file coords-v2.csv (CSV, C-alpha atoms and all ligand atoms)
chain,number,residue,atom,x,y,z
O,27,MET,CA,89.7,50.3,130.0
O,28,TYR,CA,90.3,50.4,126.2
O,29,ASN,CA,93.5,51.9,124.8
O,30,ILE,CA,93.3,54.0,121.6
O,31,GLN,CA,96.6,54.9,119.9
O,32,THR,CA,96.7,57.9,117.6
O,33,LEU,CA,99.3,57.8,114.9
O,34,ASN,CA,98.6,61.3,113.6
O,35,LYS,CA,97.1,64.4,115.1
O,36,ILE,CA,93.4,63.7,115.3
O,37,ALA,CA,90.9,66.6,115.8
O,38,LYS,CA,89.9,67.0,119.5
O,39,CYS,CA,86.2,66.9,118.7
O,40,GLY,CA,86.8,63.3,117.6
O,41,THR,CA,88.9,62.1,120.5
O,42,ASP,CA,86.6,63.8,122.9
O,43,LEU,CA,83.9,61.3,121.9
O,44,PHE,CA,85.7,58.5,123.7
O,45,ASP,CA,84.4,58.4,127.3
O,46,ALA,CA,87.4,59.1,129.5
O,47,ALA,CA,86.0,56.6,132.0
O,48,LYS,CA,86.4,53.8,129.5
O,49,TYR,CA,89.2,54.9,127.1
O,50,ASN,CA,92.8,55.9,127.4
O,51,ILE,CA,94.0,57.8,124.3
O,52,ALA,CA,97.7,58.5,123.6
O,53,ASP,CA,100.1,58.5,120.7
O,54,GLU,CA,102.4,55.9,122.4
O,55,ILE,CA,100.6,52.9,123.7
O,56,ASP,CA,101.5,49.2,123.7
O,57,ASN,CA,99.0,46.8,122.2
O,58,PRO,CA,96.1,49.1,121.8
O,59,GLU,CA,92.5,48.0,121.1
O,60,ALA,CA,92.1,50.6,118.4
O,61,ILE,CA,94.3,52.9,116.3
O,62,MET,CA,93.3,56.2,114.8
O,63,VAL,CA,95.3,57.3,111.8
O,64,ARG,CA,95.3,59.8,109.0
O,65,SER,CA,98.1,59.3,106.5
O,66,ALA,CA,100.8,57.6,108.7
O,67,ALA,CA,102.3,54.6,106.8
O,68,MET,CA,101.2,51.4,108.5
O,69,HIS,CA,102.4,48.7,106.1
O,70,ASP,CA,105.5,47.9,108.1
O,71,MET,CA,103.7,47.8,111.5
O,72,GLN,CA,103.2,44.6,113.4
O,73,PHE,CA,99.9,44.6,115.2
O,74,GLY,CA,99.4,43.5,118.8
O,75,SER,CA,96.9,40.8,119.7
O,76,ASN,CA,94.5,43.3,121.3
O,77,LEU,CA,94.1,45.3,118.1
O,78,LEU,CA,90.4,45.2,117.1
O,79,ALA,CA,90.2,48.0,114.6
O,80,ILE,CA,91.8,50.9,112.8
O,81,GLY,CA,89.9,54.1,112.1
O,82,ARG,CA,91.2,56.0,109.2
O,83,ALA,CA,90.1,59.7,109.4
O,84,GLY,CA,89.9,60.1,105.7
O,85,ALA,CA,88.8,58.2,102.6
O,86,GLY,CA,92.0,56.6,101.2
O,87,THR,CA,93.3,53.5,102.9
O,88,ASN,CA,96.4,52.8,100.8
O,89,ASN,CA,98.6,53.6,103.9
O,90,ILE,CA,97.1,50.6,105.7
O,91,PRO,CA,97.7,46.9,105.0
O,92,VAL,CA,94.0,46.3,104.6
O,93,ASP,CA,94.2,42.7,103.5
O,94,ARG,CA,96.6,41.7,106.2
O,95,CYS,CA,94.3,43.3,108.7
O,96,ALA,CA,91.3,41.3,107.4
O,97,GLU,CA,93.4,38.1,107.8
O,98,GLU,CA,94.3,39.1,111.4
O,99,GLY,CA,90.7,40.0,112.3
O,100,ILE,CA,91.3,43.7,112.4
O,101,VAL,CA,88.5,45.9,111.0
O,102,VAL,CA,89.7,48.9,109.0
O,103,PHE,CA,87.2,51.8,108.9
O,104,ASN,CA,87.3,54.9,106.8
O,105,THR,CA,85.2,58.0,106.7
O,106,PRO,CA,83.6,58.2,103.3
O,107,GLY,CA,82.1,61.6,102.5
O,108,ALA,CA,83.4,63.3,105.7
O,109,ASN,CA,85.9,65.4,103.8
O,110,ALA,CA,84.1,65.4,100.4
O,111,ASN,CA,83.1,69.0,100.5
O,112,ALA,CA,86.7,70.1,101.2
O,113,VAL,CA,88.0,68.1,98.3
O,114,LYS,CA,85.2,69.3,96.0
O,115,GLU,CA,86.1,72.9,96.7
O,116,LEU,CA,89.8,72.3,95.9
O,117,VAL,CA,88.9,70.4,92.7
O,118,ILE,CA,87.0,73.5,91.5
O,119,THR,CA,90.0,75.6,92.5
O,120,ALA,CA,92.3,73.1,90.7
O,121,LEU,CA,90.3,73.4,87.5
O,122,LEU,CA,90.7,77.1,87.6
O,123,LEU,CA,94.4,77.0,88.6
O,124,GLY,CA,95.1,74.8,85.6
O,125,SER,CA,92.9,76.7,83.2
O,126,ARG,CA,93.6,80.4,84.0
O,127,LYS,CA,97.4,79.9,84.6
O,128,ILE,CA,97.0,81.4,88.1
O,129,PRO,CA,100.1,79.9,89.7
O,130,GLU,CA,102.5,81.2,87.0
O,131,ALA,CA,100.7,84.5,86.9
O,132,MET,CA,101.0,85.0,90.7
O,133,ILE,CA,104.7,84.2,90.6
O,134,TRP,CA,105.1,86.7,87.8
O,135,ALA,CA,103.1,89.4,89.5
O,136,ASN,CA,105.1,89.0,92.7
O,137,GLY,CA,108.3,89.4,90.6
O,138,LEU,CA,107.3,92.9,89.8
O,139,LYS,CA,108.1,94.0,93.3
O,140,GLY,CA,110.5,96.9,93.3
O,141,ASN,CA,109.2,98.6,90.2
O,142,GLY,CA,107.4,101.3,92.1
O,143,ALA,CA,104.8,103.3,90.1
O,144,GLU,CA,105.5,101.2,87.0
O,145,VAL,CA,103.9,98.1,88.5
O,146,GLY,CA,100.4,99.0,87.2
O,147,LYS,CA,101.6,99.5,83.7
O,148,MET,CA,103.7,96.3,83.7
O,149,VAL,CA,100.7,94.3,84.9
O,150,GLU,CA,98.5,95.5,82.0
O,151,LYS,CA,101.3,95.0,79.5
O,152,GLY,CA,102.3,91.5,80.7
O,153,LYS,CA,99.0,89.9,81.5
O,154,SER,CA,98.3,88.7,78.0
O,155,GLN,CA,100.7,85.8,78.6
O,156,PHE,CA,98.4,84.3,81.2
O,157,VAL,CA,95.2,84.1,79.1
O,158,GLY,CA,93.4,80.8,79.8
O,159,PRO,CA,90.0,79.4,78.9
O,160,GLU,CA,86.8,79.6,81.0
O,161,LEU,CA,85.2,76.5,82.4
O,162,TYR,CA,81.7,77.5,81.3
O,163,GLY,CA,80.5,75.4,78.3
O,164,LYS,CA,83.5,73.0,78.5
O,165,THR,CA,83.2,69.3,79.2
O,166,LEU,CA,84.4,67.9,82.5
O,167,GLY,CA,85.0,64.1,82.6
O,168,ILE,CA,84.8,62.6,86.1
O,169,ILE,CA,86.3,59.2,86.8
O,170,GLY,CA,84.7,57.9,90.0
O,171,LEU,CA,81.3,59.1,91.1
O,172,GLY,CA,81.5,58.4,94.8
O,173,ALA,CA,81.1,60.8,97.7
O,174,ILE,CA,83.5,63.3,96.2
O,175,GLY,CA,82.8,62.8,92.5
O,176,VAL,CA,79.1,63.5,92.9
O,177,LEU,CA,79.7,66.8,94.6
O,178,VAL,CA,82.3,67.8,91.9
O,179,ALA,CA,79.8,66.8,89.2
O,180,ASN,CA,77.0,68.9,90.7
O,181,ALA,CA,79.3,71.9,91.3
O,182,ALA,CA,80.7,71.8,87.8
O,183,ALA,CA,77.2,71.5,86.3
O,184,ALA,CA,76.3,74.6,88.3
O,185,LEU,CA,79.2,76.4,86.8
O,186,GLY,CA,77.8,75.6,83.3
O,187,MET,CA,80.1,72.7,82.4
O,188,ASN,CA,78.9,69.7,80.5
O,189,VAL,CA,79.7,66.8,82.9
O,190,ILE,CA,80.2,63.2,82.0
O,191,GLY,CA,81.0,60.7,84.6
O,192,TYR,CA,82.3,57.1,84.6
O,193,ASP,CA,81.8,54.8,87.6
O,194,PRO,CA,81.2,51.1,87.2
O,195,TYR,CA,80.2,50.9,90.9
O,196,LEU,CA,77.8,53.9,90.9
O,197,SER,CA,75.3,53.3,93.7
O,198,VAL,CA,71.6,54.1,93.3
O,199,LYS,CA,72.0,56.5,96.3
O,200,THR,CA,74.7,58.5,94.5
O,201,ALA,CA,73.0,58.3,91.2
O,202,LEU,CA,69.9,59.9,92.8
O,203,ARG,CA,72.1,62.8,94.1
O,204,LEU,CA,73.5,63.6,90.7
O,205,ASP,CA,72.4,66.7,88.9
O,206,PRO,CA,70.1,65.5,86.0
O,207,SER,CA,72.3,67.1,83.4
O,208,VAL,CA,75.3,64.8,84.4
O,209,LYS,CA,75.7,62.1,81.8
O,210,SER,CA,76.9,58.8,83.1
O,211,VAL,CA,78.9,56.7,80.6
O,212,SER,CA,79.7,53.0,80.8
O,213,ASP,CA,82.9,53.2,78.8
O,214,ILE,CA,85.9,55.1,80.4
O,215,LYS,CA,87.3,55.7,76.9
O,216,LYS,CA,84.4,58.1,76.2
O,217,VAL,CA,85.5,60.3,79.2
O,218,PHE,CA,89.0,60.4,77.8
O,219,ALA,CA,87.8,61.2,74.2
O,220,GLN,CA,85.2,63.8,75.1
O,221,ALA,CA,86.5,65.8,78.0
O,222,ASP,CA,88.3,69.1,78.0
O,223,TYR,CA,89.1,68.5,81.7
O,224,ILE,CA,89.4,65.2,83.5
O,225,THR,CA,89.3,64.8,87.3
O,226,LEU,CA,90.0,61.5,89.1
O,227,HIS,CA,88.0,60.4,92.2
O,228,VAL,CA,88.8,56.7,92.6
O,229,PRO,CA,90.8,54.9,95.3
O,230,TYR,CA,94.3,53.8,94.4
O,231,ASN,CA,94.6,50.0,93.9
O,232,ALA,CA,95.9,47.5,91.4
O,233,ASP,CA,93.0,48.1,89.1
O,234,THR,CA,93.2,51.9,89.1
O,235,LYS,CA,97.0,52.3,89.0
O,236,GLY,CA,98.0,54.4,86.0
O,237,THR,CA,94.4,55.1,84.9
O,238,VAL,CA,95.9,58.1,83.1
O,239,ASN,CA,98.6,56.6,80.9
O,240,ALA,CA,100.1,57.0,77.4
O,241,GLU,CA,97.3,55.0,75.9
O,242,THR,CA,94.4,56.8,77.6
O,243,LEU,CA,96.1,60.2,77.0
O,244,ALA,CA,96.3,59.4,73.3
O,245,LEU,CA,92.5,59.2,73.3
O,246,CYS,CA,92.2,62.7,74.7
O,247,LYS,CA,91.6,66.0,72.9
O,248,ASP,CA,94.7,68.1,72.4
O,249,GLY,CA,95.2,70.5,75.4
O,250,VAL,CA,93.3,68.3,77.9
O,251,ARG,CA,93.7,69.3,81.5
O,252,ILE,CA,94.1,66.6,84.1
O,253,VAL,CA,93.2,67.1,87.8
O,254,ASN,CA,94.4,64.5,90.3
O,255,LEU,CA,93.5,65.1,93.9
O,256,ALA,CA,93.0,61.4,94.6
O,257,ARG,CA,96.3,59.6,94.6
O,258,GLY,CA,99.6,60.2,92.7
O,259,GLU,CA,99.8,56.6,91.4
O,260,LEU,CA,96.6,57.0,89.4
O,261,VAL,CA,98.6,59.0,86.8
O,262,ASP,CA,101.6,57.6,85.0
O,263,ASP,CA,104.4,60.2,85.5
O,264,ALA,CA,106.3,59.6,82.3
O,265,ALA,CA,103.1,59.6,80.2
O,266,ILE,CA,101.8,62.9,81.7
O,267,ILE,CA,105.2,64.6,81.4
O,268,ALA,CA,105.4,63.5,77.7
O,269,ALA,CA,101.8,64.8,77.1
O,270,LEU,CA,102.6,68.1,78.7
O,271,GLU,CA,105.8,68.4,76.6
O,272,SER,CA,104.0,67.6,73.3
O,273,GLY,CA,101.0,69.8,74.0
O,274,LYS,CA,98.5,66.9,74.2
O,275,ALA,CA,98.0,68.0,77.8
O,276,ALA,CA,97.8,71.7,78.8
O,277,ALA,CA,98.0,71.2,82.5
O,278,TYR,CA,98.3,68.6,85.2
O,279,VAL,CA,97.1,69.7,88.6
O,280,THR,CA,98.1,67.3,91.3
O,281,ASP,CA,97.8,67.1,95.1
O,282,PHE,CA,100.4,64.4,95.1
O,283,PRO,CA,103.5,65.8,93.5
O,284,ASN,CA,106.7,63.7,93.3
O,285,ASP,CA,110.2,64.5,92.1
O,286,ASN,CA,109.4,63.4,88.5
O,287,VAL,CA,106.6,65.9,87.9
O,288,LEU,CA,107.8,68.8,90.0
O,289,GLY,CA,109.2,71.7,87.9
O,290,VAL,CA,107.7,70.3,84.7
O,291,LYS,CA,106.0,73.1,82.7
O,292,GLY,CA,102.2,72.7,83.0
O,293,VAL,CA,102.4,70.9,86.4
O,294,VAL,CA,100.5,72.7,89.2
O,295,ALA,CA,101.6,71.0,92.4
O,296,MET,CA,99.9,71.2,95.8
O,297,PRO,CA,101.0,69.5,99.0
O,298,HIS,CA,98.0,67.1,99.6
O,299,LEU,CA,95.7,69.9,100.7
O,300,GLY,CA,92.4,68.2,99.6
O,301,ALA,CA,91.1,67.6,103.0
O,302,SER,CA,93.1,70.2,104.9
O,303,THR,CA,90.2,72.3,106.3
O,304,PRO,CA,89.2,72.4,109.9
O,305,GLU,CA,85.7,71.3,108.9
O,306,ALA,CA,87.0,68.2,107.1
O,307,GLU,CA,89.4,67.3,109.9
O,308,ASP,CA,86.6,67.6,112.5
O,309,ASN,CA,84.1,65.6,110.3
O,310,CYS,CA,86.6,62.8,109.7
O,311,ALA,CA,87.7,62.6,113.3
O,312,ILE,CA,84.1,62.5,114.6
O,313,MET,CA,83.1,59.8,112.1
O,314,ALA,CA,86.1,57.6,112.7
O,315,ALA,CA,85.6,57.9,116.5
O,316,GLU,CA,82.0,57.0,116.3
O,317,GLU,CA,82.8,54.0,114.1
O,318,LEU,CA,85.4,52.7,116.5
O,319,ILE,CA,83.3,53.2,119.6
O,320,ASP,CA,80.3,51.3,118.0
O,321,TYR,CA,82.6,48.5,117.0
O,322,VAL,CA,84.6,48.2,120.2
O,323,GLU,CA,81.6,48.4,122.5
O,324,ASN,CA,78.8,46.8,120.4
O,325,GLY,CA,80.6,44.9,117.6
O,326,ASN,CA,78.7,46.9,114.9
O,327,ILE,CA,80.5,47.6,111.7
O,328,LYS,CA,79.8,50.7,109.6
O,329,ASN,CA,82.1,51.9,106.8
O,330,SER,CA,84.7,49.2,106.9
O,331,VAL,CA,86.8,48.6,103.8
O,332,ASN,CA,87.7,45.0,104.7
O,333,TYR,CA,84.7,43.6,106.5
O,334,PRO,CA,81.0,43.9,105.7
O,335,ASN,CA,78.7,46.4,107.3
O,336,ALA,CA,76.7,44.7,110.0
O,337,GLU,CA,74.6,46.2,112.8
O,338,MET,CA,72.5,44.4,115.4
O,339,THR,CA,71.1,45.1,118.8
O,340,ALA,CA,71.2,42.2,121.3
O,341,THR,CA,69.1,41.3,124.2
O,342,GLY,CA,71.4,38.6,125.5
O,343,THR,CA,75.1,38.0,125.0
O,344,LYS,CA,76.4,39.2,121.6
O,345,ILE,CA,78.9,36.8,120.0
O,346,CYS,CA,80.9,38.5,117.2
O,347,ILE,CA,82.7,36.1,114.9
O,348,MET,CA,85.0,37.1,112.0
O,349,HIS,CA,85.5,34.3,109.6
O,350,LYS,CA,86.4,33.3,106.1
O,351,ASN,CA,83.6,33.5,103.5
O,352,VAL,CA,83.4,29.7,102.9
O,353,PRO,CA,80.6,27.1,103.1
O,354,ALA,CA,79.5,25.3,106.3
O,355,ILE,CA,80.9,27.7,108.9
O,356,LEU,CA,77.5,29.0,110.1
O,357,SER,CA,76.1,25.5,110.6
O,358,GLN,CA,79.1,24.6,112.8
O,359,LEU,CA,78.6,27.7,114.9
O,360,THR,CA,74.9,27.2,115.4
O,361,THR,CA,75.5,23.5,116.2
O,362,ILE,CA,77.9,24.5,119.0
O,363,LEU,CA,75.3,26.6,120.6
O,364,GLY,CA,72.6,24.0,120.0
O,365,ASN,CA,74.7,21.4,121.7
O,366,GLU,CA,74.9,23.7,124.8
O,367,LYS,CA,71.1,24.2,124.6
O,368,ILE,CA,71.7,28.0,124.1
O,369,ASN,CA,68.9,29.6,122.0
O,370,ILE,CA,69.8,32.0,119.3
O,371,GLU,CA,67.5,35.0,119.7
O,372,ASN,CA,68.8,36.8,116.6
O,373,MET,CA,71.6,36.5,114.2
O,374,ILE,CA,73.2,38.4,111.3
O,375,ASN,CA,75.7,37.2,108.8
O,376,LYS,CA,77.3,39.4,106.2
O,377,SER,CA,80.1,38.9,103.7
O,378,LYS,CA,82.5,41.1,101.8
O,379,GLY,CA,84.9,39.4,99.4
O,380,ASP,CA,86.8,36.7,101.2
O,381,TYR,CA,85.6,37.6,104.7
O,382,SER,CA,82.4,37.3,106.7
O,383,TYR,CA,81.1,38.6,109.9
O,384,THR,CA,78.5,36.9,112.0
O,385,MET,CA,76.8,38.3,115.1
O,386,ILE,CA,74.7,36.1,117.3
O,387,ASP,CA,72.4,37.3,120.1
O,388,ALA,CA,72.6,34.3,122.4
O,389,ALA,CA,70.2,33.6,125.3
O,390,GLY,CA,72.6,32.1,127.7
O,391,GLU,CA,76.0,32.2,129.2
O,392,VAL,CA,78.8,32.1,126.7
O,393,THR,CA,81.7,30.6,128.6
O,394,ASP,CA,85.4,30.7,127.6
O,395,ALA,CA,85.2,27.1,126.6
O,396,LEU,CA,82.3,27.9,124.3
O,397,SER,CA,84.2,30.8,122.8
O,398,ASP,CA,87.2,28.4,122.3
O,399,ALA,CA,85.0,26.0,120.5
O,400,PHE,CA,84.0,28.7,118.0
O,401,LYS,CA,87.6,29.6,117.5
O,402,ALA,CA,88.4,26.0,116.8
O,403,VAL,CA,86.1,26.0,113.8
O,404,GLU,CA,88.2,26.0,110.6
O,405,GLY,CA,88.0,29.4,108.9
O,406,VAL,CA,87.2,31.3,112.1
O,407,ILE,CA,89.5,34.3,112.5
O,408,ARG,CA,88.4,36.0,115.7
O,409,VAL,CA,85.7,35.6,118.3
O,410,ARG,CA,84.5,38.3,120.6
O,411,VAL,CA,81.9,38.0,123.3
O,412,ILE,CA,80.2,41.2,124.3
O,413,LYS,CA,78.1,40.9,127.5
O,501,LIG,C1,91.6,61.2,101.8
O,501,LIG,O1,92.0,60.1,101.4
O,501,LIG,O2,90.6,61.3,102.6
O,501,LIG,C2,92.2,62.5,101.4
O,501,LIG,O3,93.2,62.2,100.5
O,501,LIG,C3,92.7,63.3,102.5
O,501,LIG,C4,93.6,62.5,103.5
O,501,LIG,O4,94.4,61.8,103.0
O,501,LIG,O5,93.4,62.7,104.7

call {"tool": "encode", "arguments": {"input": "coords-v2.csv", "output": "structure tokens"}}
result
Amino acid sequence: MYNIQTLNKIAKCGTDLFDAAKYNIADEIDNPEAIMVRSAAMHDMQFGSNLLAIGRAGAGTNNIPVDRCAEEGIVVFNTPGANANAVKELVITALLLGSRKIPEAMIWANGLKGNGAEVGKMVEKGKSQFVGPELYGKTLGIIGLGAIGVLVANAAAALGMNVIGYDPYLSVKTALRLDPSVKSVSDIKKVFAQADYITLHVPYNADTKGTVNAETLALCKDGVRIVNLARGELVDDAAIIAALESGKAAAYVTDFPNDNVLGVKGVVAMPHLGASTPEAEDNCAIMAAEELIDYVENGNIKNSVNYPNAEMTATGTKICIMHKNVPAILSQLTTILGNEKINIENMINKSKGDYSYTMIDAAGEVTDALSDAFKAVEGVIRVRVIK
């Protein structure tokens, strides 16, 4: 029986995928084999020796100590694209919220309550204070053309916007999905200099922290509108507040408000609603559950952020070895099998950064002693034998 711990509420259609005969799922479990999580903070958690994997039902993994997990042989999965449509729809909403002054206008309109028959007249008289530009014909700069960025780009192009995108890691698969009118630029400064609206779709890490800052805002057109439904830390608070106060920025729409930006004129704050749709919650839960099941039962890795993708079917015993991405490990592993006269039917070795994953289809019995011999190889982090 495998134990799965859920740290947040996970959609039932996802947890239902775990076969009840093999899995026990609960929010309080000691030393689980896998954890399912949405946004719960995991940086201070100590992980038990049984923990094989963490499935993040969502895209961002900044709530998980991804590097420490790699070091401990714990695979961290996410669900890229599973909530992309939900986020895309909110980005289009955010562009309009920031442009057409909708939040202020709604507050004002509600404040007319109690004026009886005069309300209609007051609406017509007061509405001019909420005039804001259309999106059509304006330039949208997209920083990050991944699963969400590409959908935003295509939707904005369909609304008649000129779209320019920046993504140094743009994949061929994504590039092929982009509307042909979308211009991809290799210099992020061009996005800042040319865009009327800028939206961020990159993960938060040391490289992307403060992507929108005093320097990049200085490159922007006056009255630029910034949309940030990705992570709060991508925008420097002091810089965006100063830009809103000086008129350099006309609006900052964020799904990650904090105490600094709340209440500042021009800030539209939402409570991290990007993926809050039943459809996205279902899609993420299903994808995370499928990834965990395939890893726990078969050792296959798909959509991991700290180990390479690797899938292999085995006819014999599958040996799954997580190890450092350094020379001479493979030769030591194959020698161990050779010395035991165990033939390798098939083998796959993949690397991601400092870490590698090797799966061996071995035609023979893999004893505990053999498994221990693999573990003793310097650089080997974890060994699992799946029969
Ligand atoms: C994501 O990272 O997938 C979105 O921000 C939504 C979420 O945190 O669940």

call {"tool": "closest_atom_pairs", "arguments": {"input": "coords-v2.csv", "of": "chain O", "to": "ligand LIG 501 (chain O)", "cutoff": "6 Å", "atoms": "all atoms listed in the file", "output": "JSON lines"}}
result
{"residue": "O:Arg64", "atom": "CA", "partner": "O:LIG501", "partner_atom": "O5", "distance": 5.5}
{"residue": "O:Ser65", "atom": "CA", "partner": "O:LIG501", "partner_atom": "O4", "distance": 5.7}
{"residue": "O:Gly84", "atom": "CA", "partner": "O:LIG501", "partner_atom": "O2", "distance": 3.4}
{"residue": "O:Ala85", "atom": "CA", "partner": "O:LIG501", "partner_atom": "O2", "distance": 3.6}
{"residue": "O:Gly86", "atom": "CA", "partner": "O:LIG501", "partner_atom": "O1", "distance": 3.5}
{"residue": "O:Ala256", "atom": "CA", "partner": "O:LIG501", "partner_atom": "O3", "distance": 6.0}
{"residue": "O:Gly300", "atom": "CA", "partner": "O:LIG501", "partner_atom": "C3", "distance": 5.7}
{"residue": "O:Ala301", "atom": "CA", "partner": "O:LIG501", "partner_atom": "C3", "distance": 4.6}

call {"tool": "atom_distance", "arguments": {"input": "coords-v2.csv", "atom1": "atom CA of Arg94 of chain O", "atom2": "atom CA of Pro106 of chain O"}}
result
21.2 Å

call {"tool": "atom_distance", "arguments": {"input": "coords-v2.csv", "atom1": "atom CA of Lys48 of chain O", "atom2": "atom CA of Thr393 of chain O"}}
result
23.7 Å

call {"tool": "residues_around", "arguments": {"input": "coords-v2.csv", "residues": "segment 126-143 of chain O", "least_positions_apart": "2", "cutoff": "7 Å", "atoms": "all atoms listed in the file", "output": "ChimeraX atom specification"}}
result
/O:122-124,145-146,156-159

call {"tool": "residues_around", "arguments": {"input": "coords-v2.csv", "residues": "Pro334 of chain O", "least_positions_apart": "3", "cutoff": "7 Å", "atoms": "all atoms listed in the file", "output": "list in words"}}
result
Ser330, Lys376, Ser377, Lys378, Ser382 and Tyr383 of chain O

call {"tool": "atom_distance", "arguments": {"input": "coords-v2.csv", "atom1": "atom CA of Leu171 of chain O", "atom2": "atom CA of Lys274 of chain O"}}
result
25.3 Å

call {"tool": "residues_near_point", "arguments": {"input": "coords-v2.csv", "point": "(89.1, 44.8, 108.0)", "cutoff": "7 Å", "atoms": "all atoms listed in the file", "output": "ChimeraX atom specification"}}
result
/O:92,95-96,99-102,330-333

call {"tool": "decode", "arguments": {"input": "coords-v2.csv", "residues": "segment 269-282 of chain O", "atoms": "N, CA and C atoms", "output": "short mmCIF file (atom, residue, chain, number, x, y, z; two decimals), in the first residue's frame"}}
result
data_model
loop_
_atom_site.label_atom_id
_atom_site.label_comp_id
_atom_site.auth_asym_id
_atom_site.auth_seq_id
_atom_site.Cartn_x
_atom_site.Cartn_y
_atom_site.Cartn_z
N ALA O 269 6.45 54.37 -10.37
CA ALA O 269 6.01 54.55 -11.76
C ALA O 269 4.53 54.94 -11.81
N LEU O 270 3.73 54.36 -10.93
CA LEU O 270 2.31 54.73 -10.90
C LEU O 270 2.15 56.16 -10.42
N GLU O 271 2.96 56.55 -9.45
CA GLU O 271 2.84 57.92 -8.90
C GLU O 271 3.29 58.96 -9.92
N SER O 272 4.30 58.61 -10.73
CA SER O 272 4.82 59.61 -11.69
C SER O 272 4.03 59.62 -12.99
N GLY O 273 3.18 58.59 -13.21
CA GLY O 273 2.45 58.52 -14.48
C GLY O 273 3.18 57.69 -15.52
N LYS O 274 4.37 57.22 -15.22
CA LYS O 274 5.07 56.33 -16.16
C LYS O 274 4.22 55.07 -16.40
N ALA O 275 3.62 54.56 -15.32
CA ALA O 275 2.70 53.43 -15.46
C ALA O 275 1.28 53.92 -15.15
N ALA O 276 0.32 53.43 -15.97
CA ALA O 276 -1.07 53.84 -15.74
C ALA O 276 -1.81 52.82 -14.87
N ALA O 277 -1.34 51.58 -14.89
CA ALA O 277 -2.02 50.55 -14.07
C ALA O 277 -1.06 49.41 -13.79
N TYR O 278 -1.28 48.78 -12.65
CA TYR O 278 -0.56 47.55 -12.31
C TYR O 278 -1.60 46.56 -11.82
N VAL O 279 -1.86 45.56 -12.63
CA VAL O 279 -2.86 44.56 -12.26
C VAL O 279 -2.11 43.33 -11.76
N THR O 280 -2.34 42.98 -10.52
CA THR O 280 -1.59 41.87 -9.95
C THR O 280 -2.50 40.84 -9.28
N ASP O 281 -2.11 39.59 -9.45
CA ASP O 281 -2.82 38.49 -8.77
C ASP O 281 -2.10 38.14 -7.47
N PHE O 282 -1.03 38.90 -7.17
CA PHE O 282 -0.21 38.62 -5.97
C PHE O 282 0.01 39.90 -5.17
#
